[in-house]
file run-v8.cif (mmCIF, C-alpha atoms)
data_entry
#
loop_
_atom_site.label_atom_id
_atom_site.label_comp_id
_atom_site.auth_asym_id
_atom_site.auth_seq_id
_atom_site.Cartn_x
_atom_site.Cartn_y
_atom_site.Cartn_z
CA SER A 151 18.12 -21.07 16.46
CA THR A 152 18.59 -17.33 15.91
CA GLU A 153 15.99 -14.63 15.34
CA VAL A 154 16.64 -10.98 14.54
CA ILE A 155 14.39 -8.20 15.81
CA CYS A 156 15.19 -4.84 14.26
CA SER A 157 13.97 -1.27 14.16
CA SER A 158 12.50 0.50 11.14
CA MET A 159 13.67 4.04 11.89
CA VAL A 160 15.51 4.17 8.54
CA ARG A 161 13.77 1.61 6.34
CA MET A 162 10.60 2.86 4.63
CA ALA A 163 8.18 0.59 6.49
CA TRP A 164 4.89 1.51 8.16
CA ARG A 165 3.90 -1.85 9.66
CA ASN A 166 5.64 -4.85 11.19
CA GLU A 167 7.24 -7.26 8.72
CA SER A 168 8.51 -10.83 9.04
CA TYR A 169 10.80 -12.51 6.53
CA GLU A 170 13.91 -14.68 6.27
CA ILE A 171 17.47 -13.87 5.21
CA ASP A 172 19.88 -16.79 4.78
CA GLY A 173 17.55 -18.98 6.83
CA VAL A 174 17.35 -16.52 9.75
CA ARG A 175 13.94 -15.18 10.71
CA VAL A 176 13.75 -11.37 10.85
CA THR A 177 10.99 -9.37 12.55
CA ARG A 178 11.09 -5.70 11.63
CA ILE A 179 9.23 -3.49 14.08
CA ALA A 180 7.58 -0.39 12.58
CA SER A 181 5.69 2.57 14.01
CA PRO A 182 2.93 4.58 12.28
CA CYS A 183 4.51 7.68 13.87
CA LYS A 184 7.43 7.29 11.48
CA GLU A 185 5.43 8.67 8.55
CA ARG A 186 4.97 11.95 10.42
CA PHE A 187 8.69 12.02 11.23
CA LEU A 188 9.65 11.54 7.58
CA LYS A 189 7.35 14.34 6.47
CA ALA A 190 8.86 16.68 9.07
CA ALA A 191 12.38 15.67 7.99
CA THR A 192 11.58 16.41 4.34
CA ARG A 193 10.25 19.84 5.25
CA GLN A 194 13.16 20.46 7.64
CA HIS A 195 10.90 21.32 10.58
CA ARG A 196 13.46 20.48 13.24
CA VAL A 197 11.27 20.71 16.36
CA THR A 198 8.42 18.73 14.79
CA GLN A 199 10.96 16.27 13.38
CA ALA A 200 12.49 15.68 16.83
CA LEU A 201 9.04 15.19 18.39
CA TRP A 202 7.89 12.59 15.86
CA TYR A 203 11.27 10.85 15.92
CA ALA A 204 10.97 10.45 19.71
CA LEU A 205 7.37 9.22 19.46
CA ALA A 206 8.28 6.74 16.71
CA GLY A 207 11.20 5.44 18.75
CA LEU A 208 9.07 5.06 21.89
CA ASP A 209 6.34 3.30 19.92
CA GLU A 210 8.83 0.91 18.32
CA GLY A 211 10.33 0.19 21.73
CA LEU A 212 6.93 -0.77 23.14
CA ARG A 213 6.17 -2.92 20.08
CA THR A 214 9.54 -4.64 20.55
CA LEU A 215 8.64 -5.44 24.16
CA VAL A 216 5.36 -7.02 23.03
CA VAL A 217 7.21 -9.27 20.56
CA LEU A 218 9.75 -10.28 23.21
CA LEU A 219 7.08 -11.13 25.76
CA ARG A 220 5.02 -13.13 23.27
CA ARG A 221 7.72 -15.17 21.56
CA HIS A 222 11.05 -15.03 23.33
CA ARG A 223 10.56 -15.81 26.99
CA ASP A 224 12.84 -18.84 26.47
CA ALA A 225 15.66 -16.91 24.75
CA ASP A 226 19.14 -17.89 25.93
CA LEU A 227 20.99 -14.69 24.97
CA VAL A 228 20.23 -11.20 23.67
CA HIS A 229 22.71 -9.51 21.30
CA THR A 230 22.07 -5.81 20.58
CA PHE A 231 23.70 -2.95 18.70
CA GLY A 232 22.63 0.47 17.52
CA HIS A 233 21.09 3.37 19.44
CA CYS A 234 17.40 2.83 18.67
CA TRP A 235 14.73 2.26 21.28
CA SER A 236 14.23 -1.34 20.15
CA ALA A 237 17.81 -2.19 21.17
CA GLY A 238 17.45 -0.38 24.49
CA VAL A 239 14.16 -2.09 25.36
CA ALA A 240 15.61 -5.51 24.44
CA ALA A 241 18.56 -4.90 26.80
CA ILE A 242 16.28 -3.84 29.66
CA TRP A 243 14.02 -6.86 29.12
CA ALA A 244 17.06 -9.18 29.20
CA GLY A 245 18.32 -7.51 32.38
CA VAL A 246 14.98 -8.03 34.13
CA ALA A 247 14.76 -11.64 32.87
CA ARG A 248 18.40 -12.28 33.87
CA LYS A 249 19.45 -13.31 30.38
CA PRO A 250 23.01 -12.68 29.14
CA ILE A 251 23.41 -9.55 27.01
CA PHE A 252 26.03 -8.96 24.32
CA ARG A 253 26.05 -5.23 23.57
CA GLU A 254 28.06 -4.42 20.44
CA LEU A 255 29.78 -1.03 20.24
CA VAL A 256 30.65 -0.08 16.65
CA THR A 257 30.93 3.72 16.52
CA MET A 258 32.25 6.55 18.68
CA ARG A 259 28.93 8.36 18.26
CA SER A 260 27.07 5.70 20.25
CA ARG A 261 27.24 4.62 23.86
CA PRO A 262 26.59 1.12 25.23
CA ASP A 263 23.64 2.51 27.21
CA ASP A 264 21.84 4.23 24.31
CA PRO A 265 19.22 5.49 23.59
CA PRO A 266 19.50 8.58 25.83
CA GLY A 267 15.87 8.34 26.95
CA LEU A 268 16.49 4.88 28.45
CA ARG A 269 20.10 5.36 29.53
CA THR A 270 19.68 4.74 33.27
CA LEU A 271 17.73 1.50 32.79
CA VAL A 272 19.97 0.20 29.99
CA ARG A 273 23.07 0.93 32.09
CA TRP A 274 21.54 -1.02 34.98
CA ALA A 275 20.76 -3.98 32.70
CA LEU A 276 24.23 -4.04 31.16
CA ARG A 277 26.00 -3.89 34.51
CA ARG A 278 23.79 -6.70 35.75
CA GLN A 279 23.88 -9.07 32.76
CA GLY A 280 25.90 -7.50 29.96
CA THR A 281 29.21 -7.86 28.15
CA ILE A 282 30.32 -5.04 25.85
CA ILE A 283 31.75 -6.16 22.50
CA ALA A 284 34.00 -3.41 21.11
CA ILE A 285 35.21 -3.71 17.52
CA SER A 286 38.42 -1.75 18.18
CA PRO A 287 40.77 -0.90 21.10
CA ARG A 288 39.56 2.71 20.86
CA LEU A 289 35.97 1.65 21.48
CA ALA A 290 37.02 -0.73 24.25
CA GLU A 291 38.78 2.17 25.97
CA ARG A 292 35.61 4.26 25.64
CA ALA A 293 33.54 1.51 27.25
CA HIS A 294 36.00 1.24 30.15
CA HIS A 295 35.94 5.03 30.54
CA LEU A 296 32.13 4.88 30.86
CA GLY A 297 32.48 2.45 33.76
CA TYR A 298 31.93 -0.94 32.11
CA ARG A 299 34.21 -3.72 33.28
CA ARG A 300 33.15 -6.69 31.15
CA VAL A 301 34.51 -5.58 27.77
CA TRP A 302 35.58 -7.87 24.93
CA CYS A 303 37.66 -6.21 22.19
CA ARG A 304 36.89 -8.18 19.03
CA PRO A 305 37.56 -6.79 15.52
CA ASN A 306 34.77 -7.32 13.01
CA PRO A 307 35.23 -10.66 11.25
CA VAL A 308 35.77 -10.58 7.47
CA ASP A 309 34.60 -13.22 4.99
CA GLU A 310 37.83 -13.53 3.00
CA GLN A 311 36.16 -15.57 0.26
CA ARG A 312 33.61 -12.83 -0.35
CA PHE A 313 35.76 -9.75 0.20
CA ARG A 314 38.82 -10.38 -1.94
CA VAL A 315 40.49 -8.81 -4.93
CA ASP A 316 39.16 -10.32 -8.17
CA ARG A 317 40.38 -8.24 -11.11
CA SER A 318 38.69 -10.53 -13.63
CA ARG A 319 35.28 -9.11 -12.65
CA ARG A 320 36.28 -5.45 -12.52
CA ASP A 321 35.16 -4.32 -15.98
CA ALA A 322 31.90 -6.29 -15.96
CA LEU A 323 30.95 -4.87 -12.56
CA ARG A 324 31.74 -1.33 -13.72
CA ARG A 325 29.46 -1.73 -16.73
CA ALA A 326 26.69 -3.04 -14.45
CA HIS A 327 26.89 -0.33 -11.79
CA THR A 328 28.51 2.76 -13.37
CA PRO A 329 29.03 4.59 -16.69
CA PHE A 330 32.81 4.19 -16.30
CA GLY A 331 35.09 1.95 -18.34
CA SER A 332 38.23 -0.13 -18.05
CA GLU A 333 40.47 2.81 -18.99
CA ASP A 334 39.33 4.87 -15.98
CA LEU A 335 40.94 4.90 -12.54
CA LEU A 336 37.97 4.45 -10.25
CA LEU A 337 37.81 5.70 -6.66
CA VAL A 338 35.00 4.15 -4.59
CA ASP A 339 33.56 5.43 -1.33
CA LEU A 340 31.08 3.06 0.32
CA SER A 341 29.48 4.40 3.50
CA LYS A 342 26.34 6.02 4.85
CA TYR A 343 25.58 9.56 3.76
CA SER A 344 26.27 11.70 6.83
CA ALA A 345 28.41 14.72 7.64
CA VAL A 346 30.91 12.66 9.64
CA LYS A 347 31.76 10.56 6.55
CA ASN A 348 33.19 13.69 4.89
CA LYS A 349 32.11 12.86 1.34
CA GLU A 350 32.32 16.51 0.31
CA LEU A 351 36.12 16.27 0.53
CA LEU A 352 36.12 13.58 -2.15
CA VAL A 353 34.08 15.68 -4.57
CA ARG A 354 36.24 18.76 -3.99
CA MET A 355 39.47 16.86 -4.66
CA MET A 356 38.34 15.58 -8.07
CA PRO A 357 39.23 18.78 -10.03
CA LEU A 358 42.78 18.38 -8.70
CA LEU A 359 43.14 14.94 -10.31
CA PRO A 360 43.62 14.11 -14.01
CA PRO A 361 40.41 13.51 -16.03
CA ARG A 362 41.08 9.78 -16.06
CA TYR A 363 40.16 9.62 -12.37
CA LYS A 364 36.48 8.90 -11.65
CA LEU A 365 34.57 8.76 -8.36
CA LEU A 366 31.69 6.56 -7.22
CA ILE A 367 30.02 7.42 -3.91
CA ALA A 368 27.40 4.95 -2.66
CA GLY A 369 25.62 4.09 0.58
CA PRO A 370 22.42 4.34 2.62
CA LEU A 371 20.66 7.69 2.89
CA GLU A 372 18.56 8.50 5.95
CA PRO A 373 15.69 11.02 5.74
CA THR A 374 17.61 13.41 8.02
CA ASP A 375 20.51 13.55 5.53
CA HIS A 376 18.60 14.42 2.35
CA ALA A 377 19.85 18.03 2.55
CA LEU A 378 23.46 16.79 2.61
CA TYR A 379 22.81 14.60 -0.44
CA ARG A 380 21.28 17.50 -2.37
CA ALA A 381 24.27 19.68 -1.44
CA LEU A 382 26.64 17.04 -2.87
CA GLN A 383 24.60 16.92 -6.09
CA GLN A 384 24.80 20.69 -6.38
CA LEU A 385 28.56 20.67 -5.74
CA VAL A 386 29.06 18.12 -8.52
CA ARG A 387 27.15 20.39 -10.92
CA VAL A 388 28.97 23.56 -9.84
CA LEU A 389 32.37 21.93 -10.33
CA GLY A 390 31.34 20.49 -13.70
CA LEU A 391 31.97 16.90 -12.62
CA GLU A 392 28.79 15.25 -13.93
CA ASP A 393 30.80 12.92 -16.21
CA ARG A 394 33.35 12.05 -13.50
CA VAL A 395 31.34 11.65 -10.28
CA VAL A 396 28.41 9.31 -9.66
CA LEU A 397 26.30 9.50 -6.48
CA GLN A 398 24.21 6.46 -5.60
CA HIS A 399 22.02 6.13 -2.52
CA GLY A 400 20.31 3.15 -0.97
CA PHE A 401 21.16 -0.10 0.77
CA VAL A 402 24.09 -1.83 -0.93
CA GLU A 403 23.26 -5.52 -0.96
CA HIS A 404 26.58 -6.65 -2.46
CA PRO A 405 29.33 -4.33 -1.16
CA GLU A 406 32.01 -6.75 -2.31
CA GLN A 407 31.13 -5.91 -5.93
CA TYR A 408 31.85 -2.22 -5.32
CA LEU A 409 35.22 -3.07 -3.83
CA GLN A 410 36.08 -5.39 -6.72
CA MET A 411 35.35 -2.74 -9.36
CA ALA A 412 37.49 -0.12 -7.58
CA ASP A 413 41.10 0.80 -8.25
CA VAL A 414 41.24 2.69 -4.95
CA PHE A 415 38.90 2.44 -1.96
CA VAL A 416 38.57 5.84 -0.23
CA PHE A 417 37.17 6.45 3.25
CA PRO A 418 37.71 10.05 4.44
CA SER A 419 35.61 9.76 7.62
CA VAL A 420 36.26 12.47 10.20
CA SER A 421 35.66 10.06 13.06
CA ASP A 422 35.00 6.34 13.20
CA GLY A 423 35.18 3.50 15.66
CA LEU A 424 37.97 1.64 13.91
#
call {"tool": "encode", "arguments": {"input": "run-v8.cif", "output": "structure tokens"}}
result
Amino acid sequence: STEVICSSMVRMAWRNESYEIDGVRVTRIASPCKERFLKAATRQHRVTQALWYALAGLDEGLRTLVVLLRRHRDADLVHTFGHCWSAGVAAIWAGVARKPIFRELVTMRSRPDDPPGLRTLVRWALRRQGTIIAISPRLAERAHHLGYRRVWCRPNPVDEQRFRVDRSRRDALRRAHTPFGSEDLLLVDLSKYSAVKNKELLVRMMPLLPPRYKLLIAGPLEPTDHALYRALQQLVRVLGLEDRVVLQHGFVEHPEQYLQMADVFVFPSVSDGL
């Protein structure tokens, strides 16, 4: 059986949660320190924000260790990704317990031995028990450059039944998710709101395109990127694009619907792990 243990550094959760998704049990670890971090992020107090972020991460890491020790002493394999403390603690625990570790590397902004505060111990655990899974040759090369020898380059699998072109649903999906119609040419950007995703470029190019072109930008928004989101909203107003550009934020549960309603998928990321 499989169980997922995940961090709550982005999700608005103040206490541990347990639930199931597609028959898989999920335990979401949460720290009370996160509330302080979110308040500091909203007020843009950078020093206070960094302090509470570190405390929340440390607290979640310790809570992850408690869950592992209580319920998963008999685990056969630990698979981690992301740069949160929960992932780092899980890797260290697996290294000490001599359990195989699959460490997935999905972005150039992360290292296999993240988070920085645990880097020495995570590196030791990965070199002892770990295999790095890189989703592109570029990331595999980065892992080799950092001194890891057991590296498996494996592109992300795609569910071709779910992610396929289905023009028969296009107009209905547009009516459900946007104010745009069948006569519009819809550009869709689906990614997290962050500076590296370069969403501002998409908004600035819209005045250069005929009025028939419309833009939908959607994706998760972390507390630390609220200022970027507000800046995009202001840019849309300044350029007079309120009837041509829609900004949506939040977890996208059915990304395939956004792809099916699009005429063009746009992804102007400055840097990515692909």
call {"tool": "residues_around", "arguments": {"input": "run-v8.cif", "residues": "Val315 in chain A", "least_positions_apart": "5", "cutoff": "12 Å", "atoms": "all atoms listed in the file", "output": "list in words"}}
result
Glu310, Arg320, Glu406, Gln407, Tyr408, Leu409, Gln410, Met411, Ala412, Asp413, Val414 and Phe415 of chain A
call {"tool": "write_last_selection", "arguments": {"input": "run-v8.cif", "atoms": "C-alpha atoms", "output": "short mmCIF file (atom, residue, chain, number, x, y, z; two decimals), in the frame of the given file"}}
result
data_model
loop_
_atom_site.label_atom_id
_atom_site.label_comp_id
_atom_site.auth_asym_id
_atom_site.auth_seq_id
_atom_site.Cartn_x
_atom_site.Cartn_y
_atom_site.Cartn_z
CA GLU A 310 37.83 -13.53 3.00
CA ARG A 320 36.28 -5.45 -12.52
CA GLU A 406 32.01 -6.75 -2.31
CA GLN A 407 31.13 -5.91 -5.93
CA TYR A 408 31.85 -2.22 -5.32
CA LEU A 409 35.22 -3.07 -3.83
CA GLN A 410 36.08 -5.39 -6.72
CA MET A 411 35.35 -2.74 -9.36
CA ALA A 412 37.49 -0.12 -7.58
CA ASP A 413 41.10 0.80 -8.25
CA VAL A 414 41.24 2.69 -4.95
CA PHE A 415 38.90 2.44 -1.96
#
call {"tool": "resolve_selection", "arguments": {"input": "run-v8.cif", "expression": "the PyMOL selection byres ((chain A and resi 239-241) around 7)", "output": "ChimeraX atom specification"}}
result
/A:211,215,235-238,242-245,251,272,275
call {"tool": "closest_residue", "arguments": {"input": "run-v8.cif", "among": "A:Ser151, A:Trp302, A:Arg325, A:Glu210", "to": "Glu254 in chain A", "atoms": "all atoms listed in the file"}}
result
A:Trp302
call {"tool": "resolve_selection", "arguments": {"input": "run-v8.cif", "expression": "the PyMOL selection byres ((chain A and resi 257) around 10)", "output": "ChimeraX atom specification"}}
result
/A:232,254-256,258-261,284-286,288-289,421-424
call {"tool": "atom_distance", "arguments": {"input": "run-v8.cif", "atom1": "CA of Ala345 in chain A", "atom2": "CA of Leu378 in chain A"}}
result
7.4 Å
call {"tool": "closest_residue", "arguments": {"input": "run-v8.cif", "among": "A:Asp263, A:Asp316, A:Asp393, A:Glu170", "to": "Gly280 in chain A", "atoms": "all atoms listed in the file"}}
result
A:Asp263
call {"tool": "atom_distance", "arguments": {"input": "run-v8.cif", "atom1": "CA of Tyr363 in chain A", "atom2": "CA of Asp375 in chain A"}}
result
26.9 Å
call {"tool": "atom_distance", "arguments": {"input": "run-v8.cif", "atom1": "CA of Leu352 in chain A", "atom2": "CA of Arg317 in chain A"}}
result
24.0 Å
call {"tool": "resolve_selection", "arguments": {"input": "run-v8.cif", "expression": "the PyMOL selection byres ((chain A and resi 213) around 12)", "output": "VMD selection string"}}
result
chain A and resid 155 to 158 165 to 166 177 to 182 206 to 212 214 to 220 235 to 237 239 to 240
call {"tool": "write_last_selection", "arguments": {"input": "run-v8.cif", "atoms": "C-alpha atoms", "output": "CSV table (one decimal), keeping the file's coordinate frame"}}
result
chain,number,residue,atom,x,y,z
A,155,ILE,CA,14.4,-8.2,15.8
A,156,CYS,CA,15.2,-4.8,14.3
A,157,SER,CA,14.0,-1.3,14.2
A,158,SER,CA,12.5,0.5,11.1
A,165,ARG,CA,3.9,-1.8,9.7
A,166,ASN,CA,5.6,-4.8,11.2
A,177,THR,CA,11.0,-9.4,12.6
A,178,ARG,CA,11.1,-5.7,11.6
A,179,ILE,CA,9.2,-3.5,14.1
A,180,ALA,CA,7.6,-0.4,12.6
A,181,SER,CA,5.7,2.6,14.0
A,182,PRO,CA,2.9,4.6,12.3
A,206,ALA,CA,8.3,6.7,16.7
A,207,GLY,CA,11.2,5.4,18.8
A,208,LEU,CA,9.1,5.1,21.9
A,209,ASP,CA,6.3,3.3,19.9
A,210,GLU,CA,8.8,0.9,18.3
A,211,GLY,CA,10.3,0.2,21.7
A,212,LEU,CA,6.9,-0.8,23.1
A,214,THR,CA,9.5,-4.6,20.6
A,215,LEU,CA,8.6,-5.4,24.2
A,216,VAL,CA,5.4,-7.0,23.0
A,217,VAL,CA,7.2,-9.3,20.6
A,218,LEU,CA,9.8,-10.3,23.2
A,219,LEU,CA,7.1,-11.1,25.8
A,220,ARG,CA,5.0,-13.1,23.3
A,235,TRP,CA,14.7,2.3,21.3
A,236,SER,CA,14.2,-1.3,20.2
A,237,ALA,CA,17.8,-2.2,21.2
A,239,VAL,CA,14.2,-2.1,25.4
A,240,ALA,CA,15.6,-5.5,24.4
call {"tool": "closest_residue", "arguments": {"input": "run-v8.cif", "among": "A:Ala290, A:Cys234, A:Leu397, A:Leu358", "to": "Tyr379 in chain A", "atoms": "all atoms listed in the file"}}
result
A:Leu397
call {"tool": "residues_around", "arguments": {"input": "run-v8.cif", "residues": "Arg354 in chain A", "least_positions_apart": "5", "cutoff": "9 Å", "atoms": "all atoms listed in the file", "output": "count of residues only"}}
result
4
call {"tool": "closest_residue", "arguments": {"input": "run-v8.cif", "among": "A:Arg269, A:Arg253, A:Arg380, A:Arg362", "to": "Ile282 in chain A", "atoms": "only C-alpha atoms"}}
result
A:Arg253
call {"tool": "closest_residue", "arguments": {"input": "run-v8.cif", "among": "A:Leu340, A:Ala200, A:Ala377, A:Val228", "to": "Gly400 in chain A", "atoms": "all atoms listed in the file"}}
result
A:Leu340
call {"tool": "residues_around", "arguments": {"input": "run-v8.cif", "residues": "Lys347 in chain A", "least_positions_apart": "2", "cutoff": "7 Å", "atoms": "all atoms listed in the file", "output": "MDAnalysis selection string"}}
result
chainID A and resid 343:345 349 418:420
call {"tool": "closest_residue", "arguments": {"input": "run-v8.cif", "among": "A:Lys249, A:His294, A:Arg312, A:His233", "to": "Pro266 in chain A", "atoms": "all atoms listed in the file"}}
result
A:His233
call {"tool": "residues_near_point", "arguments": {"input": "run-v8.cif", "point": "(34.0, -3.6, 32.7)", "cutoff": "12 Å", "atoms": "only C-alpha atoms", "output": "list in words"}}
result
Pro262, Arg273, Leu276, Arg277, Arg278, Gln279, Gly280, Thr281, Ile282, Ile283, Ala284, Ala290, Glu291, Arg292, Ala293, His294, His295, Leu296, Gly297, Tyr298, Arg299, Arg300, Val301, Trp302 and Cys303 of chain A
call {"tool": "write_last_selection", "arguments": {"input": "run-v8.cif", "atoms": "C-alpha atoms", "output": "PDB file, in the frame of the given file"}}
result
ATOM      1  CA  PRO A 262      26.590   1.120  25.230  1.00  0.00           C
ATOM      2  CA  ARG A 273      23.070   0.930  32.090  1.00  0.00           C
ATOM      3  CA  LEU A 276      24.230  -4.040  31.160  1.00  0.00           C
ATOM      4  CA  ARG A 277      26.000  -3.890  34.510  1.00  0.00           C
ATOM      5  CA  ARG A 278      23.790  -6.700  35.750  1.00  0.00           C
ATOM      6  CA  GLN A 279      23.880  -9.070  32.760  1.00  0.00           C
ATOM      7  CA  GLY A 280      25.900  -7.500  29.960  1.00  0.00           C
ATOM      8  CA  THR A 281      29.210  -7.860  28.150  1.00  0.00           C
ATOM      9  CA  ILE A 282      30.320  -5.040  25.850  1.00  0.00           C
ATOM     10  CA  ILE A 283      31.750  -6.160  22.500  1.00  0.00           C
ATOM     11  CA  ALA A 284      34.000  -3.410  21.110  1.00  0.00           C
ATOM     12  CA  ALA A 290      37.020  -0.730  24.250  1.00  0.00           C
ATOM     13  CA  GLU A 291      38.780   2.170  25.970  1.00  0.00           C
ATOM     14  CA  ARG A 292      35.610   4.260  25.640  1.00  0.00           C
ATOM     15  CA  ALA A 293      33.540   1.510  27.250  1.00  0.00           C
ATOM     16  CA  HIS A 294      36.000   1.240  30.150  1.00  0.00           C
ATOM     17  CA  HIS A 295      35.940   5.030  30.540  1.00  0.00           C
ATOM     18  CA  LEU A 296      32.130   4.880  30.860  1.00  0.00           C
ATOM     19  CA  GLY A 297      32.480   2.450  33.760  1.00  0.00           C
ATOM     20  CA  TYR A 298      31.930  -0.940  32.110  1.00  0.00           C
ATOM     21  CA  ARG A 299      34.210  -3.720  33.280  1.00  0.00           C
ATOM     22  CA  ARG A 300      33.150  -6.690  31.150  1.00  0.00           C
ATOM     23  CA  VAL A 301      34.510  -5.580  27.770  1.00  0.00           C
ATOM     24  CA  TRP A 302      35.580  -7.870  24.930  1.00  0.00           C
ATOM     25  CA  CYS A 303      37.660  -6.210  22.190  1.00  0.00           C
TER      26      CYS A 303
END
call {"tool": "residues_around", "arguments": {"input": "run-v8.cif", "residues": "Ser341 in chain A", "least_positions_apart": "3", "cutoff": "9 Å", "atoms": "only C-alpha atoms", "output": "list in words"}}
result
Ser344, Lys347, Ile367, Ala368, Gly369, Pro370 and Phe417 of chain A
